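For reference, input-v4.tsv is printed below; it contains TSV, C-alpha atoms and all ligand atoms.
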```
chain	number	residue	atom	x	y	z
X	18	MET	CA	-23.42	-1.26	-8.55
X	19	THR	CA	-25.45	-4.40	-9.22
X	20	GLU	CA	-27.57	-5.80	-6.45
X	21	GLN	CA	-26.32	-9.02	-4.89
X	22	LYS	CA	-28.17	-11.94	-3.38
X	23	PRO	CA	-28.43	-11.88	0.41
X	24	VAL	CA	-25.91	-13.80	2.47
X	25	THR	CA	-27.11	-17.37	2.92
X	26	GLU	CA	-25.90	-19.63	5.67
X	27	ALA	CA	-24.26	-22.91	4.65
X	28	THR	CA	-26.67	-25.74	5.46
X	29	ALA	CA	-25.89	-29.19	6.84
X	30	SER	CA	-22.77	-29.63	4.66
X	31	PRO	CA	-19.63	-30.10	6.79
X	32	VAL	CA	-17.58	-28.36	4.06
X	33	LYS	CA	-17.39	-24.58	4.50
X	34	VAL	CA	-18.72	-23.16	1.24
X	35	PRO	CA	-18.37	-19.51	0.27
X	36	THR	CA	-21.61	-17.70	0.97
X	37	LEU	CA	-20.63	-14.25	-0.33
X	38	PRO	CA	-20.09	-13.21	-3.96
X	39	ASP	CA	-16.33	-13.23	-4.71
X	40	ALA	CA	-15.70	-14.53	-1.18
X	41	GLN	CA	-12.17	-15.03	0.13
X	42	THR	CA	-11.22	-16.41	3.52
X	43	VAL	CA	-9.15	-14.43	6.00
X	44	THR	CA	-6.09	-16.41	7.10
X	45	GLU	CA	-4.33	-13.99	9.49
X	46	VAL	CA	-4.95	-10.62	11.16
X	47	LYS	CA	-2.39	-8.37	12.92
X	48	HIS	CA	-3.13	-5.15	14.78
X	49	TYR	CA	-0.45	-2.44	15.09
X	50	THR	CA	-2.19	0.55	16.69
X	51	ASP	CA	-5.77	1.49	17.50
X	52	ARG	CA	-5.91	2.89	13.92
X	53	LEU	CA	-4.00	0.31	11.88
X	54	PHE	CA	-4.11	-3.41	11.11
X	55	SER	CA	-3.13	-5.81	8.35
X	56	PHE	CA	-4.66	-9.06	7.22
X	57	ARG	CA	-4.02	-11.87	4.80
X	58	CYS	CA	-6.61	-13.84	2.86
X	59	THR	CA	-6.88	-16.53	0.23
X	60	ARG	CA	-6.19	-15.52	-3.37
X	61	PRO	CA	-8.64	-16.36	-6.17
X	62	ALA	CA	-6.93	-18.86	-8.46
X	63	SER	CA	-7.68	-16.71	-11.49
X	64	LEU	CA	-6.41	-13.40	-10.02
X	65	ARG	CA	-3.37	-12.00	-11.82
X	66	PHE	CA	-2.11	-8.54	-10.80
X	67	ARG	CA	0.96	-6.37	-11.05
X	68	SER	CA	2.72	-5.51	-7.79
X	69	GLY	CA	1.49	-2.04	-6.71
X	70	GLU	CA	-2.08	-2.38	-8.01
X	71	PHE	CA	-5.31	-2.06	-6.01
X	72	VAL	CA	-8.61	-3.94	-5.94
X	73	MET	CA	-12.06	-3.38	-4.42
X	74	ILE	CA	-12.63	-5.32	-1.21
X	75	GLY	CA	-15.31	-5.26	1.45
X	76	LEU	CA	-18.08	-6.92	3.39
X	77	MET	CA	-21.78	-7.46	2.82
X	78	GLY	CA	-23.73	-4.39	3.94
X	79	ASP	CA	-26.69	-4.42	6.31
X	80	PRO	CA	-30.06	-5.53	4.85
X	81	ASP	CA	-32.16	-2.76	3.28
X	82	PRO	CA	-34.93	-2.08	5.83
X	83	LYS	CA	-37.56	-2.08	3.04
X	84	THR	CA	-36.49	-4.92	0.74
X	85	GLY	CA	-34.32	-6.96	3.09
X	86	LYS	CA	-31.73	-7.18	0.32
X	87	GLN	CA	-28.03	-6.75	1.02
X	88	LYS	CA	-25.43	-5.07	-1.15
X	89	PRO	CA	-21.66	-5.41	-0.87
X	90	LEU	CA	-19.93	-2.47	0.82
X	91	LEU	CA	-16.69	-2.10	-1.13
X	92	ARG	CA	-13.62	0.18	-0.92
X	93	ALA	CA	-10.39	0.48	-2.91
X	94	TYR	CA	-7.41	-1.26	-1.28
X	95	SER	CA	-3.83	-1.57	-2.45
X	96	ILE	CA	-2.67	-5.17	-2.50
X	97	ALA	CA	0.25	-5.13	-0.05
X	98	SER	CA	1.57	-8.56	-1.03
X	99	PRO	CA	3.68	-9.10	-4.16
X	100	SER	CA	2.26	-10.55	-7.38
X	101	TRP	CA	3.92	-13.95	-6.80
X	102	ASP	CA	2.48	-14.56	-3.31
X	103	GLU	CA	-0.07	-17.36	-3.07
X	104	GLU	CA	-2.12	-15.33	-0.57
X	105	LEU	CA	-3.14	-11.65	-0.58
X	106	GLU	CA	-2.21	-9.12	2.10
X	107	PHE	CA	-3.86	-5.80	2.92
X	108	TYR	CA	-2.83	-2.98	5.26
X	109	SER	CA	-5.77	-1.05	6.63
X	110	ILE	CA	-6.85	2.01	8.53
X	111	LYS	CA	-9.59	1.74	11.18
X	112	VAL	CA	-11.91	4.73	10.82
X	113	PRO	CA	-14.14	4.63	13.94
X	114	ASP	CA	-17.29	5.68	12.05
X	115	GLY	CA	-16.11	4.49	8.62
X	116	PRO	CA	-18.83	2.45	6.89
X	117	LEU	CA	-16.41	-0.36	6.00
X	118	THR	CA	-13.50	-0.22	8.43
X	119	SER	CA	-15.65	0.19	11.57
X	120	ARG	CA	-16.60	-3.45	10.79
X	121	LEU	CA	-13.57	-4.70	8.85
X	122	GLN	CA	-11.32	-4.01	11.87
X	123	HIS	CA	-13.09	-6.86	13.71
X	124	ILE	CA	-12.40	-9.62	11.15
X	125	LYS	CA	-10.71	-12.80	12.36
X	126	ALA	CA	-9.02	-15.77	10.68
X	127	GLY	CA	-11.72	-17.93	9.08
X	128	ASP	CA	-14.04	-14.99	8.31
X	129	GLN	CA	-14.90	-14.10	4.73
X	130	ILE	CA	-14.42	-10.86	2.86
X	131	ILE	CA	-15.53	-9.86	-0.64
X	132	LEU	CA	-12.80	-9.28	-3.21
X	133	ARG	CA	-13.55	-8.10	-6.73
X	134	PRO	CA	-10.80	-9.62	-8.88
X	135	LYS	CA	-10.22	-6.57	-11.11
X	136	PRO	CA	-6.81	-5.09	-10.23
X	137	VAL	CA	-5.94	-1.59	-11.50
X	138	GLY	CA	-3.55	1.24	-10.64
X	139	THR	CA	-0.70	3.50	-11.67
X	140	LEU	CA	1.95	2.48	-9.12
X	141	VAL	CA	3.39	-0.19	-11.41
X	142	HIS	CA	6.80	-0.63	-12.99
X	143	ASP	CA	5.19	-0.59	-16.44
X	144	ALA	CA	4.33	3.11	-15.98
X	145	LEU	CA	7.99	4.11	-15.53
X	146	ILE	CA	10.82	4.35	-18.03
X	147	PRO	CA	14.20	2.81	-17.07
X	148	GLY	CA	16.31	4.57	-14.41
X	149	LYS	CA	19.06	3.88	-11.85
X	150	ARG	CA	17.32	4.73	-8.60
X	151	ILE	CA	13.69	4.40	-7.53
X	152	TRP	CA	12.04	6.43	-4.76
X	153	PHE	CA	8.91	5.17	-2.99
X	154	PHE	CA	7.28	8.09	-1.11
X	155	ALA	CA	4.52	7.16	1.38
X	156	THR	CA	2.46	8.67	4.19
X	157	GLY	CA	0.24	6.57	6.49
X	158	THR	CA	-1.38	3.56	4.80
X	159	GLY	CA	0.15	4.77	1.53
X	160	PHE	CA	2.92	2.34	2.45
X	161	ALA	CA	0.70	-0.57	1.28
X	162	PRO	CA	1.55	-0.60	-2.46
X	163	PHE	CA	5.23	-0.33	-1.56
X	164	ALA	CA	4.95	-3.33	0.76
X	165	SER	CA	4.08	-5.15	-2.47
X	166	LEU	CA	6.76	-3.51	-4.64
X	167	LEU	CA	9.49	-4.00	-2.00
X	168	ARG	CA	8.85	-7.75	-2.27
X	169	GLU	CA	8.73	-7.69	-6.09
X	170	PRO	CA	11.87	-9.05	-7.83
X	171	GLN	CA	11.50	-6.58	-10.73
X	172	THR	CA	12.17	-3.67	-8.34
X	173	TYR	CA	15.72	-4.97	-7.82
X	174	GLU	CA	16.22	-6.08	-11.43
X	175	ASP	CA	15.30	-2.60	-12.70
X	176	TYR	CA	17.13	-0.43	-10.16
X	177	ASP	CA	20.54	-0.18	-8.44
X	178	GLU	CA	19.06	1.67	-5.46
X	179	VAL	CA	15.62	1.59	-3.82
X	180	ILE	CA	14.76	4.45	-1.44
X	181	ILE	CA	11.59	4.20	0.64
X	182	THR	CA	10.40	7.15	2.72
X	183	HIS	CA	7.47	6.84	5.12
X	184	THR	CA	6.05	9.81	7.01
X	185	CYS	CA	3.47	9.25	9.75
X	186	ARG	CA	2.15	11.24	12.65
X	187	GLU	CA	3.20	8.76	15.33
X	188	ALA	CA	6.02	6.23	15.74
X	189	GLY	CA	3.67	3.24	16.14
X	190	GLU	CA	2.33	3.93	12.65
X	191	LEU	CA	5.74	2.99	11.22
X	192	THR	CA	5.69	-0.54	12.70
X	193	TYR	CA	4.13	-2.39	9.76
X	194	GLY	CA	6.52	-0.85	7.20
X	195	ALA	CA	9.59	-1.32	9.37
X	196	GLY	CA	8.61	-4.97	9.88
X	197	ILE	CA	8.26	-5.61	6.14
X	198	ILE	CA	11.71	-4.15	5.46
X	199	GLU	CA	13.32	-6.05	8.34
X	200	SER	CA	11.74	-9.32	7.17
X	201	LEU	CA	13.35	-8.98	3.72
X	202	LYS	CA	16.79	-9.58	5.24
X	203	THR	CA	15.92	-13.05	6.45
X	204	ASP	CA	13.42	-14.09	3.77
X	205	GLU	CA	15.11	-17.17	2.34
X	206	LEU	CA	12.84	-17.41	-0.69
X	207	LEU	CA	13.32	-13.76	-1.71
X	208	ASN	CA	17.09	-13.93	-1.15
X	209	GLU	CA	17.20	-17.02	-3.35
X	210	VAL	CA	14.87	-15.73	-6.08
X	211	ILE	CA	16.05	-12.09	-6.22
X	212	GLY	CA	19.67	-12.71	-5.23
X	213	GLU	CA	21.46	-13.04	-1.87
X	214	GLY	CA	21.61	-9.65	-0.09
X	215	PHE	CA	19.22	-7.94	-2.55
X	216	TRP	CA	17.88	-5.94	0.41
X	217	LYS	CA	21.17	-4.02	0.65
X	218	LYS	CA	19.88	-1.92	-2.25
X	219	ILE	CA	17.20	-0.50	0.07
X	220	LYS	CA	17.57	2.80	1.91
X	221	TYR	CA	14.71	3.22	4.42
X	222	TYR	CA	13.82	6.70	5.70
X	223	PRO	CA	10.98	6.70	8.28
X	224	THR	CA	9.92	10.03	9.79
X	225	THR	CA	7.27	11.19	12.26
X	226	THR	CA	5.63	14.58	12.59
X	227	ARG	CA	3.73	14.58	15.87
X	228	GLU	CA	5.57	12.14	18.12
X	229	GLU	CA	9.25	11.95	19.01
X	230	SER	CA	11.25	9.48	16.88
X	231	PRO	CA	14.84	9.28	15.60
X	232	LYS	CA	13.88	11.40	12.55
X	233	MET	CA	11.23	14.07	12.81
X	234	GLY	CA	9.62	16.11	10.04
X	235	ARG	CA	7.67	15.88	6.82
X	236	ILE	CA	9.70	14.29	4.01
X	237	THR	CA	8.85	17.24	1.76
X	238	ASP	CA	10.46	19.70	4.20
X	239	LEU	CA	13.43	17.39	4.78
X	240	MET	CA	14.04	17.21	1.04
X	241	ARG	CA	13.67	20.95	0.55
X	242	SER	CA	16.27	21.65	3.21
X	243	GLY	CA	18.58	19.00	1.77
X	244	GLU	CA	18.59	17.12	5.10
X	245	ALA	CA	17.00	13.96	3.66
X	246	PHE	CA	19.63	13.62	0.92
X	247	GLU	CA	22.40	14.25	3.47
X	248	ASP	CA	20.99	11.67	5.92
X	249	LEU	CA	20.62	9.11	3.13
X	250	GLY	CA	24.04	9.90	1.67
X	251	VAL	CA	22.60	10.32	-1.83
X	252	THR	CA	22.68	12.99	-4.51
X	253	PRO	CA	19.51	15.06	-5.03
X	254	ILE	CA	16.86	13.85	-7.48
X	255	CYS	CA	17.56	14.26	-11.20
X	256	PRO	CA	15.56	13.19	-14.28
X	257	GLN	CA	18.43	11.12	-15.75
X	258	ASN	CA	18.77	8.73	-12.78
X	259	ASP	CA	15.66	8.93	-10.66
X	260	ARG	CA	12.21	7.40	-10.90
X	261	ALA	CA	9.54	7.80	-8.24
X	262	MET	CA	6.20	6.55	-6.98
X	263	ILE	CA	4.05	8.59	-4.59
X	264	CYS	CA	1.21	7.32	-2.38
X	265	GLY	CA	-0.21	9.41	0.43
X	266	ASN	CA	-2.83	11.95	1.37
X	267	LEU	CA	-3.91	14.46	-1.25
X	268	ALA	CA	-1.91	17.45	0.07
X	269	PHE	CA	1.25	15.31	0.27
X	270	ASN	CA	0.76	13.92	-3.22
X	271	LEU	CA	0.29	17.41	-4.68
X	272	GLU	CA	3.23	18.93	-2.84
X	273	LEU	CA	5.61	16.13	-3.77
X	274	LYS	CA	4.36	16.06	-7.35
X	275	GLU	CA	5.22	19.76	-7.65
X	276	MET	CA	8.66	19.14	-6.14
X	277	LEU	CA	9.41	16.26	-8.53
X	278	GLU	CA	8.37	18.45	-11.47
X	279	GLU	CA	10.80	21.10	-10.18
X	280	TYR	CA	13.55	18.45	-10.14
X	281	GLY	CA	12.66	17.90	-13.83
X	282	LEU	CA	10.72	14.61	-13.63
X	283	GLU	CA	7.63	14.01	-15.77
X	284	GLU	CA	4.49	12.18	-14.65
X	285	GLY	CA	3.86	8.79	-16.26
X	286	ALA	CA	0.88	6.50	-16.68
X	287	ASN	CA	0.20	2.97	-17.87
X	288	SER	CA	-0.53	4.35	-21.33
X	289	LYS	CA	2.49	6.70	-21.35
X	290	PRO	CA	5.40	5.61	-19.13
X	291	ALA	CA	7.58	8.44	-17.80
X	292	GLN	CA	9.61	9.30	-14.68
X	293	TYR	CA	7.17	9.30	-11.75
X	294	VAL	CA	3.65	8.13	-10.87
X	295	VAL	CA	1.13	9.08	-8.15
X	296	GLU	CA	-1.85	7.45	-6.44
X	297	LYS	CA	-4.05	8.55	-3.56
X	298	ALA	CA	-3.85	6.50	-0.35
X	299	PHE	CA	-7.47	7.51	0.32
X	300	LEU	CA	-10.06	9.89	-1.09
X	301	ASP	CA	-10.07	13.54	0.24
T	1	LIG	C1	-6.71	3.92	-4.84
T	1	LIG	C2	-7.00	3.76	-3.37
T	1	LIG	C3	-6.32	2.81	-2.63
T	1	LIG	C4	-6.57	2.66	-1.27
T	1	LIG	N1	-5.85	1.74	-0.55
T	1	LIG	C5	-6.03	1.65	0.79
T	1	LIG	C6	-5.26	0.75	1.57
T	1	LIG	O1	-4.42	0.00	1.06
T	1	LIG	N2	-5.48	0.73	2.90
T	1	LIG	C7	-6.42	1.53	3.52
T	1	LIG	O2	-6.56	1.48	4.74
T	1	LIG	N3	-7.16	2.37	2.79
T	1	LIG	C8	-7.02	2.44	1.46
T	1	LIG	N4	-7.80	3.28	0.72
T	1	LIG	C9	-8.92	3.97	1.40
T	1	LIG	C10	-10.12	2.99	1.45
T	1	LIG	O3	-10.67	2.90	0.15
T	1	LIG	C11	-11.23	3.44	2.43
T	1	LIG	O4	-11.47	4.81	2.34
T	1	LIG	C12	-10.90	3.07	3.86
T	1	LIG	O5	-10.82	1.67	3.98
T	1	LIG	C13	-11.95	3.57	4.86
T	1	LIG	O6	-13.20	3.03	4.50
T	1	LIG	P1	-14.50	3.37	5.37
T	1	LIG	O7	-15.68	2.91	4.60
T	1	LIG	O8	-14.33	2.85	6.75
T	1	LIG	O9	-14.50	4.96	5.46
T	1	LIG	P2	-14.61	6.01	4.25
T	1	LIG	O10	-15.97	6.57	4.24
T	1	LIG	O11	-14.10	5.41	3.00
T	1	LIG	O12	-13.58	7.10	4.76
T	1	LIG	C14	-13.91	7.97	5.84
T	1	LIG	C15	-12.78	8.96	6.04
T	1	LIG	O13	-11.68	8.31	6.67
T	1	LIG	C16	-10.44	8.83	6.18
T	1	LIG	N5	-9.66	7.73	5.58
T	1	LIG	C17	-10.12	6.79	4.69
T	1	LIG	N6	-9.12	5.94	4.37
T	1	LIG	C18	-8.02	6.36	5.05
T	1	LIG	C19	-6.68	5.88	5.12
T	1	LIG	N7	-6.29	4.79	4.44
T	1	LIG	N8	-5.81	6.53	5.91
T	1	LIG	C20	-6.21	7.62	6.62
T	1	LIG	N9	-7.46	8.13	6.60
T	1	LIG	C21	-8.36	7.49	5.82
T	1	LIG	C22	-10.79	9.89	5.15
T	1	LIG	O14	-10.73	11.17	5.77
T	1	LIG	C23	-12.22	9.55	4.74
T	1	LIG	O15	-12.97	10.66	4.34
T	1	LIG	C24	-7.55	3.46	-0.64
T	1	LIG	C25	-8.28	4.41	-1.40
T	1	LIG	C26	-7.99	4.58	-2.73
T	1	LIG	C27	-8.75	5.62	-3.51
T	2	LIG	N1	-2.67	9.58	12.78
T	2	LIG	C1	-3.42	9.75	13.87
T	2	LIG	O1	-2.94	9.54	14.96
T	2	LIG	C2	-4.87	10.18	13.78
T	2	LIG	C3	-5.65	10.09	14.93
T	2	LIG	C4	-7.00	10.41	14.85
T	2	LIG	C5	-7.56	10.81	13.65
T	2	LIG	N2	-6.80	10.90	12.55
T	2	LIG	C6	-7.46	11.33	11.30
T	2	LIG	O2	-7.27	10.38	10.26
T	2	LIG	C7	-7.05	11.04	9.00
T	2	LIG	C8	-5.78	10.59	8.37
T	2	LIG	O3	-4.71	10.68	9.30
T	2	LIG	P1	-3.28	10.04	9.00
T	2	LIG	O4	-2.38	10.42	10.11
T	2	LIG	O5	-3.42	8.61	8.67
T	2	LIG	O6	-2.87	10.74	7.68
T	2	LIG	P2	-2.45	12.22	7.34
T	2	LIG	O7	-3.20	13.26	8.08
T	2	LIG	O8	-2.54	12.19	5.89
T	2	LIG	O9	-0.92	12.32	7.83
T	2	LIG	C9	0.08	11.36	7.55
T	2	LIG	C10	1.43	12.04	7.53
T	2	LIG	O10	1.53	12.85	6.37
T	2	LIG	C11	2.04	14.10	6.72
T	2	LIG	N3	1.61	15.12	5.75
T	2	LIG	C12	0.39	15.67	5.63
T	2	LIG	N4	0.37	16.55	4.61
T	2	LIG	C13	1.63	16.56	4.10
T	2	LIG	C14	2.26	17.27	3.06
T	2	LIG	N5	1.60	18.16	2.33
T	2	LIG	N6	3.56	17.03	2.82
T	2	LIG	C15	4.23	16.15	3.55
T	2	LIG	N7	3.71	15.44	4.55
T	2	LIG	C16	2.41	15.63	4.82
T	2	LIG	C17	1.48	14.35	8.10
T	2	LIG	O11	2.24	15.35	8.74
T	2	LIG	P3	1.58	16.43	9.76
T	2	LIG	O12	1.41	15.73	11.05
T	2	LIG	O13	2.61	17.52	9.78
T	2	LIG	O14	0.28	16.88	9.15
T	2	LIG	C18	1.63	12.98	8.74
T	2	LIG	O15	2.91	12.77	9.26
T	2	LIG	C19	-7.07	12.53	9.29
T	2	LIG	O16	-8.33	13.03	8.89
T	2	LIG	C20	-6.89	12.63	10.80
T	2	LIG	O17	-7.57	13.75	11.33
T	2	LIG	C21	-5.46	10.58	12.59
```

Before we go any further, please render this structure as structure tokens.
Amino acid sequence: MTEQKPVTEATASPVKVPTLPDAQTVTEVKHYTDRLFSFRCTRPASLRFRSGEFVMIGLMGDPDPKTGKQKPLLRAYSIASPSWDEELEFYSIKVPDGPLTSRLQHIKAGDQIILRPKPVGTLVHDALIPGKRIWFFATGTGFAPFASLLREPQTYEDYDEVIITHTCREAGELTYGAGIIESLKTDELLNEVIGEGFWKKIKYYPTTTREESPKMGRITDLMRSGEAFEDLGVTPICPQNDRAMICGNLAFNLELKEMLEEYGLEEGANSKPAQYVVEKAFLD
């Protein structure tokens, strides 16, 4: 990583000038639980990305005790807003002793964050071949790329049915995702651009594993037993009709990947589109 100049305070100028490299201004912050929050920020005019991609974001680190120089402290983050949005949205964990999120969780509207404008990722429509039904499988903050894709017109142009499953430990951890899906129903712009009632294509399947909620259990177990398909009123996954995107913890990704392979789906990539794609929601 290249060394950056230290943060410098704006001087007498009444205009607020960016003082960080690749600075963007936070416009809104919402907290959901003591472990989860989302925020919106300005979007660099030159940033183009595909819904589902991630970027590196962060804050300036503490000064080096010897040199006094500061380096940006950056982490990968899925862009939770769709590619057409004039702002950017992120959905974040708060790790109490996490180098970045122990500080990021305290940001407020008007603060600045660093955003490297180099979007990448595999959870993009380009990495899938045409199908009839798309499955978005998420655990925890793995919902973030799907918050983008659920607001992306191409999702509804490409597929007749959109099934989103979200497994979390506790019910409060489903709030952000449930809110995004609920908001689609009354979003005038999306209903106009994508088509009135587009959201009726969505089947939402939230489950919890450690706190009581209307549907308990890991999605993997619920699919294995057939309960998930029964609850959703859909036929099991098949390579002719189904496409899928997976974003969760490593064990979840691996288990679901194996299951999709058993259903006969092949993994795709940007360079070789196929029937499903996977991305980690966090390292380890
Ligand atoms: C491709 C990719 C996309 C990512 N997108 C997001 C995103 O949209 N939102 C987000 O919150 N994080 C995301 N992450 C994780 C993110 O990069 C950081 O790890 C996270 O912000 C914590 O940073 P930290 O410096 O506080 O702690 P770190 O040192 O990075 O992590 C400390 C520990 O906290 C746990 N942890 C880290 N991130 C998460 C998480 N998201 N959920 C549960 N436990 C976690 C892990 O056990 C990790 O070892 C993504 C990671 C990758 C690889
Ligand atoms: N969520 C919390 O309340 C909480 C609180 C304090 C600390 N933490 C720590 O934060 C880290 C991440 O926690 P997290 O809750 O965000 O994410 P997580 O541990 O990845 O769990 C998210 C969801 O995924 C499920 N899951 C895990 N492995 C799976 C698999 N192989 N197949 C299907 N589903 C699977 C979990 O079910 P299970 O519950 O059955 O594992 C849980 O419902 C962990 O290190 C944890 O110790 C979490």

(message) Excluding Thr50 (chain X) and its own-chain neighbours fewer than 4 positions away, which residues fall within 10 Å of it when counting all atoms listed in the file? Please give them as a PyMOL selection string.
(response) chain X and resi 54+110-111+187+189-193

(request) Grab the CA of Ser165 (chain X) to CA of Leu105 (chain X) distance for me, in Å with one decimal place. (result) 9.9 Å

(message) Please return as a PyMOL selection string the residues found within 7 Å of ligand LIG 1 (chain T), counting all atoms listed in the file.
(response) chain X and resi 71+92-96+107-112+114-119+157-159+161-162+296-301

Sorted by chain and rising residue number, list the residues of chain X at most 6 Å from ligand LIG 2 (chain T) (counting only C-alpha atoms and all ligand atoms), each with its closest atom pair and distance in Å to one decimal, as JSON lines.
```
{"residue": "X:Thr156", "atom": "CA", "partner": "T:LIG2", "partner_atom": "O10", "distance": 4.8}
{"residue": "X:Gly157", "atom": "CA", "partner": "T:LIG2", "partner_atom": "O5", "distance": 4.7}
{"residue": "X:Thr184", "atom": "CA", "partner": "T:LIG2", "partner_atom": "O15", "distance": 4.9}
{"residue": "X:Cys185", "atom": "CA", "partner": "T:LIG2", "partner_atom": "O15", "distance": 3.6}
{"residue": "X:Arg186", "atom": "CA", "partner": "T:LIG2", "partner_atom": "O15", "distance": 3.8}
{"residue": "X:Thr225", "atom": "CA", "partner": "T:LIG2", "partner_atom": "O15", "distance": 5.5}
{"residue": "X:Thr226", "atom": "CA", "partner": "T:LIG2", "partner_atom": "O12", "distance": 4.6}
{"residue": "X:Arg227", "atom": "CA", "partner": "T:LIG2", "partner_atom": "O12", "distance": 5.5}
{"residue": "X:Arg235", "atom": "CA", "partner": "T:LIG2", "partner_atom": "N7", "distance": 4.6}
{"residue": "X:Ile236", "atom": "CA", "partner": "T:LIG2", "partner_atom": "C15", "distance": 5.8}
{"residue": "X:Thr237", "atom": "CA", "partner": "T:LIG2", "partner_atom": "C15", "distance": 5.1}
{"residue": "X:Asn266", "atom": "CA", "partner": "T:LIG2", "partner_atom": "O8", "distance": 4.5}
{"residue": "X:Ala268", "atom": "CA", "partner": "T:LIG2", "partner_atom": "N5", "distance": 4.2}
{"residue": "X:Phe269", "atom": "CA", "partner": "T:LIG2", "partner_atom": "N5", "distance": 3.5}
{"residue": "X:Glu272", "atom": "CA", "partner": "T:LIG2", "partner_atom": "N5", "distance": 5.5}
```

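Picture a line from CA of Thr172 (chain X) to CA of Val210 (chain X); it runs 12.6 Å.
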
(request) Find, counting all atoms listed in the file, the residue in X:Glu213, X:Glu278, X:Leu267, X:Phe163 that gets nearest to Ile198 (chain X). (result) X:Phe163

(request) Between CA of Thr203 (chain X) and CA of Arg168 (chain X), measure the distance and give it in Å to one decimal. (result) 12.4 Å

(request) Name the closest residue to Pro99 (chain X) among the candidates X:Glu199, X:Glu228, X:Glu70, X:Glu209; distances are taken between atoms, counting all atoms listed in the file. (result) X:Glu70

(message) Let me make sure I understand: among X:Ile180, X:Phe66, X:Gly196, X:Gln122, which one has the smallest atom-to-atom distance to Lys135 (chain X) if we use only C-alpha atoms?
(response) X:Phe66

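You can rank X:Met233, X:Val72, X:Leu37, X:Leu282 by their closest distance to Pro136 (chain X) using only C-alpha atoms, and at the top of that list sits X:Val72.
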
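Of the residues under consideration (X:Pro134, X:Gly212, X:Pro113, X:Pro256), X:Pro256 shows the shortest atom-to-atom contact distance to Ile151 (chain X) when counting only C-alpha atoms.
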
(message) Quick one: residues within 9 Å of Glu284 (chain X), only C-alpha atoms, excluding same-chain residues fewer than 2 positions away - as a PyMOL selection string?
(response) chain X and resi 145+274+277-278+282+286+289-295

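For Phe215 (chain X), the non-local neighbours within 10 Å, defined as residues at least 5 positions apart in the same chain or in other chains and counting all atoms listed in the file, are X:Pro170, X:Tyr173, X:Glu174, X:Asp177, X:Leu201, X:Lys202, X:Leu207, X:Asn208, X:Glu209, X:Val210.
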
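Every protein, DNA or RNA residue with an atom at most 12 Å from Ala62 (chain X), where all atoms listed in the file count and chain neighbours fewer than 3 positions away do not, is listed here: Asp39, Gln41, Thr59, Arg65, Phe66, Asp102, Glu103, Glu104, Leu105 and Pro134 of chain X.
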
Next, write the just-selected residues to a file, as a short mmCIF file (atom, residue, chain, number, x, y, z; two decimals), in the coordinates of the input, keeping C-alpha atoms as the atom set.
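Result written to result.cif:
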```cif
data_model
loop_
_atom_site.label_atom_id
_atom_site.label_comp_id
_atom_site.auth_asym_id
_atom_site.auth_seq_id
_atom_site.Cartn_x
_atom_site.Cartn_y
_atom_site.Cartn_z
CA ASP X 39 -16.33 -13.23 -4.71
CA GLN X 41 -12.17 -15.03 0.13
CA THR X 59 -6.88 -16.53 0.23
CA ARG X 65 -3.37 -12.00 -11.82
CA PHE X 66 -2.11 -8.54 -10.80
CA ASP X 102 2.48 -14.56 -3.31
CA GLU X 103 -0.07 -17.36 -3.07
CA GLU X 104 -2.12 -15.33 -0.57
CA LEU X 105 -3.14 -11.65 -0.58
CA PRO X 134 -10.80 -9.62 -8.88
#
```

Counting all atoms listed in the file, which residues sit no farther than 10 Å from the position (-5.2, -10.0, 14.1) in the file's frame? I'd like them as a PDB file with C-alpha atoms, in the coordinates of the input.
```
ATOM      1  CA  THR X  44      -6.090 -16.410   7.100  1.00  0.00           C
ATOM      2  CA  GLU X  45      -4.330 -13.990   9.490  1.00  0.00           C
ATOM      3  CA  VAL X  46      -4.950 -10.620  11.160  1.00  0.00           C
ATOM      4  CA  LYS X  47      -2.390  -8.370  12.920  1.00  0.00           C
ATOM      5  CA  HIS X  48      -3.130  -5.150  14.780  1.00  0.00           C
ATOM      6  CA  TYR X  49      -0.450  -2.440  15.090  1.00  0.00           C
ATOM      7  CA  PHE X  54      -4.110  -3.410  11.110  1.00  0.00           C
ATOM      8  CA  SER X  55      -3.130  -5.810   8.350  1.00  0.00           C
ATOM      9  CA  PHE X  56      -4.660  -9.060   7.220  1.00  0.00           C
ATOM     10  CA  ARG X  57      -4.020 -11.870   4.800  1.00  0.00           C
ATOM     11  CA  GLN X 122     -11.320  -4.010  11.870  1.00  0.00           C
ATOM     12  CA  HIS X 123     -13.090  -6.860  13.710  1.00  0.00           C
ATOM     13  CA  ILE X 124     -12.400  -9.620  11.150  1.00  0.00           C
ATOM     14  CA  LYS X 125     -10.710 -12.800  12.360  1.00  0.00           C
ATOM     15  CA  ALA X 126      -9.020 -15.770  10.680  1.00  0.00           C
TER      16      ALA X 126
END
```
